[in-house]
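Visitor: Before I ask anything, here is the structure I am working with.
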Amino acid sequence: MRTEIKFGGLGGQGIITMGFILGNAAAIYEKKECVFTQDYSAEARGGASTSEIIISDEKIDYPHVLKADYLVLMSMSAYRDYVHKLKEDGVLVVDSDLVAPGAVEKRRIYGIPATKIAEDLGNPIVANIVMLGFFNGVTEILSNDSLIQAIKDRVPKKFWELNEKAFMEGYNYAKNNL
């Protein structure tokens, strides 16, 4: 098994944090081979931001996504820049309030208003964690326990409850709406 995932959005949306959490959950808690790379522009907020994760049962010989099995996008600019990186039979996951994908032939598209859900939880900064929960609800790529533990490893203790709730909101949205 080799799974290639690319997250894309803008600086400040937590795109790199999403990739870091997913990679840690895969490598540390599920004992899989995993590579995580990141790329971002010079702007502190609002510039392009991407992270790539490759998860495999075997050693990974090349650390970059060539054609993504899963493309998770949280901005229209990321959609325009990266939709061509999605495999022909790949899965596109978007923040439905921020990304309006065109007709992407032979691809499954799933959307969640992640930013709106995060705002309703009282903190828009957890939109990335809502999206990560939704992504896992769509794919079941890793166990929720592994991902929640990796979230707790990454965020300060005082935000554990909010982040776990955000993750489960996204996960349950997938389960209740797909």
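Each chain in the structure tokens gets a letter, A, B, ..., in the order shown, and its residues are numbered from 1; ligands are numbered from 1 in order too.
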Name all residues at most 7 Å from region 63-80 of chain A (count only C-alpha atoms; drop same-chain ones fewer than 2 positions away) and give them as a PDB file with C-alpha atoms, in the first residue's frame.

Guide:
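The file below, out18.pdb, is the result:
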```pdb
ATOM      1  CA  THR A   3      -1.065   6.396  -0.408  1.00  0.00           C
ATOM      2  CA  GLU A   4      -0.219   9.924  -1.553  1.00  0.00           C
ATOM      3  CA  ILE A   5      -2.024  12.857   0.072  1.00  0.00           C
ATOM      4  CA  LYS A   6      -1.665  16.564  -0.633  1.00  0.00           C
ATOM      5  CA  PHE A   7      -3.143  19.342   1.511  1.00  0.00           C
ATOM      6  CA  GLY A   8      -3.353  22.838   0.030  1.00  0.00           C
ATOM      7  CA  GLY A   9      -4.545  26.238   1.139  1.00  0.00           C
ATOM      8  CA  LEU A  10      -3.293  29.540   2.445  1.00  0.00           C
ATOM      9  CA  VAL A  35       7.131  10.933   4.675  1.00  0.00           C
ATOM     10  CA  GLU A  52       2.371  16.288   1.370  1.00  0.00           C
ATOM     11  CA  ILE A  60       9.381   5.091   0.575  1.00  0.00           C
ATOM     12  CA  ASP A  61      11.903   5.751  -2.160  1.00  0.00           C
ATOM     13  CA  TYR A  82      -2.998  21.638  -7.512  1.00  0.00           C
ATOM     14  CA  VAL A  83      -6.057  19.981  -9.026  1.00  0.00           C
ATOM     15  CA  LYS A  85      -1.869  16.709  -9.164  1.00  0.00           C
ATOM     16  CA  LEU A  86      -4.896  14.493  -8.425  1.00  0.00           C
ATOM     17  CA  LYS A  87      -4.921  10.996  -9.897  1.00  0.00           C
ATOM     18  CA  GLY A  90      -8.483  10.260  -6.979  1.00  0.00           C
ATOM     19  CA  VAL A  91     -10.613  11.856  -4.286  1.00  0.00           C
ATOM     20  CA  LEU A  92     -10.977  15.624  -3.913  1.00  0.00           C
ATOM     21  CA  VAL A  93     -11.933  16.973  -0.471  1.00  0.00           C
ATOM     22  CA  VAL A  94     -12.713  20.694  -0.130  1.00  0.00           C
ATOM     23  CA  ASP A  95     -13.903  23.341   2.282  1.00  0.00           C
ATOM     24  CA  LEU A  98     -14.111  28.400   0.161  1.00  0.00           C
ATOM     25  CA  VAL A  99     -13.585  26.114  -2.843  1.00  0.00           C
TER      26      VAL A  99
END
```

Visitor: Could you give me, as a PyMOL selection string, the residues within 8 Å of region 114-119 of chain A, counting only C-alpha atoms and dropping anything in the same chain fewer than 6 positions from it?

Guide: chain A and resi 95-97+125-128+130-131+166+169-170

Visitor: Determine which residues of chain A DSSP labels as strand (DSSP E or B) from the backbone of this structure, then write them out as a PyMOL selection string.

Guide: chain A and resi 2-10+33-40+48-56+68-73+86-95+108-112

Visitor: Please, what distance in Å, to one decimal, runs between CA of Pro124 (chain A) and CA of Lys175 (chain A)?

Guide: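 Rounded to one decimal, the two atoms are 21.9 Å apart.
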
Visitor: Enumerate the residues of chain A with a DSSP assignment of helix (DSSP H, G or I), computed from the backbone, and present them as a VMD selection string.

Guide: chain A and resid 15 to 29 76 to 85 114 to 120 124 to 139 144 to 154 157 to 177

Visitor: Go ahead and save the picked residues with C-alpha atoms, as a short mmCIF file (atom, residue, chain, number, x, y, z; two decimals), in the first residue's frame.

Guide:
```cif
data_model
loop_
_atom_site.label_atom_id
_atom_site.label_comp_id
_atom_site.auth_asym_id
_atom_site.auth_seq_id
_atom_site.Cartn_x
_atom_site.Cartn_y
_atom_site.Cartn_z
CA ILE A 15 -2.33 23.27 6.19
CA ILE A 16 1.12 22.25 7.39
CA THR A 17 -0.19 21.33 10.83
CA MET A 18 -2.76 19.01 9.19
CA GLY A 19 -0.02 17.20 7.31
CA PHE A 20 2.23 17.02 10.36
CA ILE A 21 -0.54 15.51 12.48
CA LEU A 22 -1.51 12.98 9.81
CA GLY A 23 2.12 11.99 9.29
CA ASN A 24 2.78 11.57 13.01
CA ALA A 25 -0.37 9.52 13.50
CA ALA A 26 0.67 7.21 10.67
CA ALA A 27 4.32 6.85 11.68
CA ILE A 28 4.18 6.92 15.47
CA TYR A 29 0.81 5.42 16.35
CA MET A 76 -9.56 28.43 -4.56
CA SER A 77 -5.96 29.34 -5.34
CA ALA A 78 -4.87 25.91 -4.08
CA TYR A 79 -7.56 24.32 -6.26
CA ARG A 80 -6.28 26.14 -9.34
CA ASP A 81 -2.67 25.30 -8.50
CA TYR A 82 -3.00 21.64 -7.51
CA VAL A 83 -6.06 19.98 -9.03
CA HIS A 84 -3.84 18.66 -11.83
CA LYS A 85 -1.87 16.71 -9.16
CA ALA A 114 -15.08 23.38 7.71
CA THR A 115 -14.45 27.06 8.41
CA LYS A 116 -18.12 27.67 9.25
CA ILE A 117 -18.20 24.65 11.58
CA ALA A 118 -15.04 25.90 13.31
CA GLU A 119 -16.60 29.35 13.71
CA ASP A 120 -19.70 27.72 15.21
CA PRO A 124 -12.12 29.50 13.38
CA ILE A 125 -8.51 28.43 13.92
CA VAL A 126 -9.63 24.78 14.25
CA ALA A 127 -11.03 24.64 10.68
CA ASN A 128 -8.02 22.51 9.72
CA ILE A 129 -8.85 20.00 12.46
CA VAL A 130 -12.50 19.91 11.33
CA MET A 131 -11.17 19.21 7.82
CA LEU A 132 -8.83 16.49 9.11
CA GLY A 133 -11.74 14.78 10.86
CA PHE A 134 -13.84 15.00 7.71
CA PHE A 135 -10.97 13.65 5.62
CA ASN A 136 -10.67 10.66 7.94
CA GLY A 137 -14.42 10.17 7.87
CA VAL A 138 -14.31 10.01 4.08
CA THR A 139 -11.22 7.81 3.84
CA ASN A 144 -9.49 8.20 14.98
CA ASP A 145 -7.61 7.29 18.17
CA SER A 146 -4.25 7.65 16.40
CA LEU A 147 -5.21 11.00 14.91
CA ILE A 148 -6.61 12.39 18.17
CA GLN A 149 -3.45 11.35 20.01
CA ALA A 150 -1.32 13.03 17.32
CA ILE A 151 -3.45 16.19 17.68
CA LYS A 152 -2.83 16.16 21.44
CA ASP A 153 0.89 15.80 20.79
CA ARG A 154 0.80 18.94 18.64
CA LYS A 157 -3.18 20.91 26.60
CA LYS A 158 -5.66 23.76 27.17
CA PHE A 159 -6.86 23.28 23.54
CA TRP A 160 -7.18 19.48 23.58
CA GLU A 161 -10.93 19.47 24.20
CA LEU A 162 -11.66 22.04 21.46
CA ASN A 163 -9.49 20.20 18.93
CA GLU A 164 -10.95 16.79 19.74
CA LYS A 165 -14.45 18.25 19.39
CA ALA A 166 -13.48 19.89 16.07
CA PHE A 167 -12.05 16.60 14.79
CA MET A 168 -15.18 14.67 15.75
CA GLU A 169 -17.45 17.35 14.22
CA GLY A 170 -15.68 16.86 10.90
CA TYR A 171 -15.68 13.07 11.19
CA ASN A 172 -19.37 12.94 12.09
CA TYR A 173 -20.21 15.35 9.28
CA ALA A 174 -18.70 12.83 6.85
CA LYS A 175 -20.54 9.91 8.40
CA ASN A 176 -23.89 11.74 8.49
CA ASN A 177 -23.74 13.41 5.06
#
```

Visitor: Hey, which of A:Val155, A:Gly47, A:Leu178, A:Asp57 ends up closest to Ile112 (chain A)? Count only C-alpha atoms.

Guide: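 Between A:Val155, A:Gly47, A:Leu178, A:Asp57, the residue approaching Ile112 (chain A) most closely is A:Leu178.
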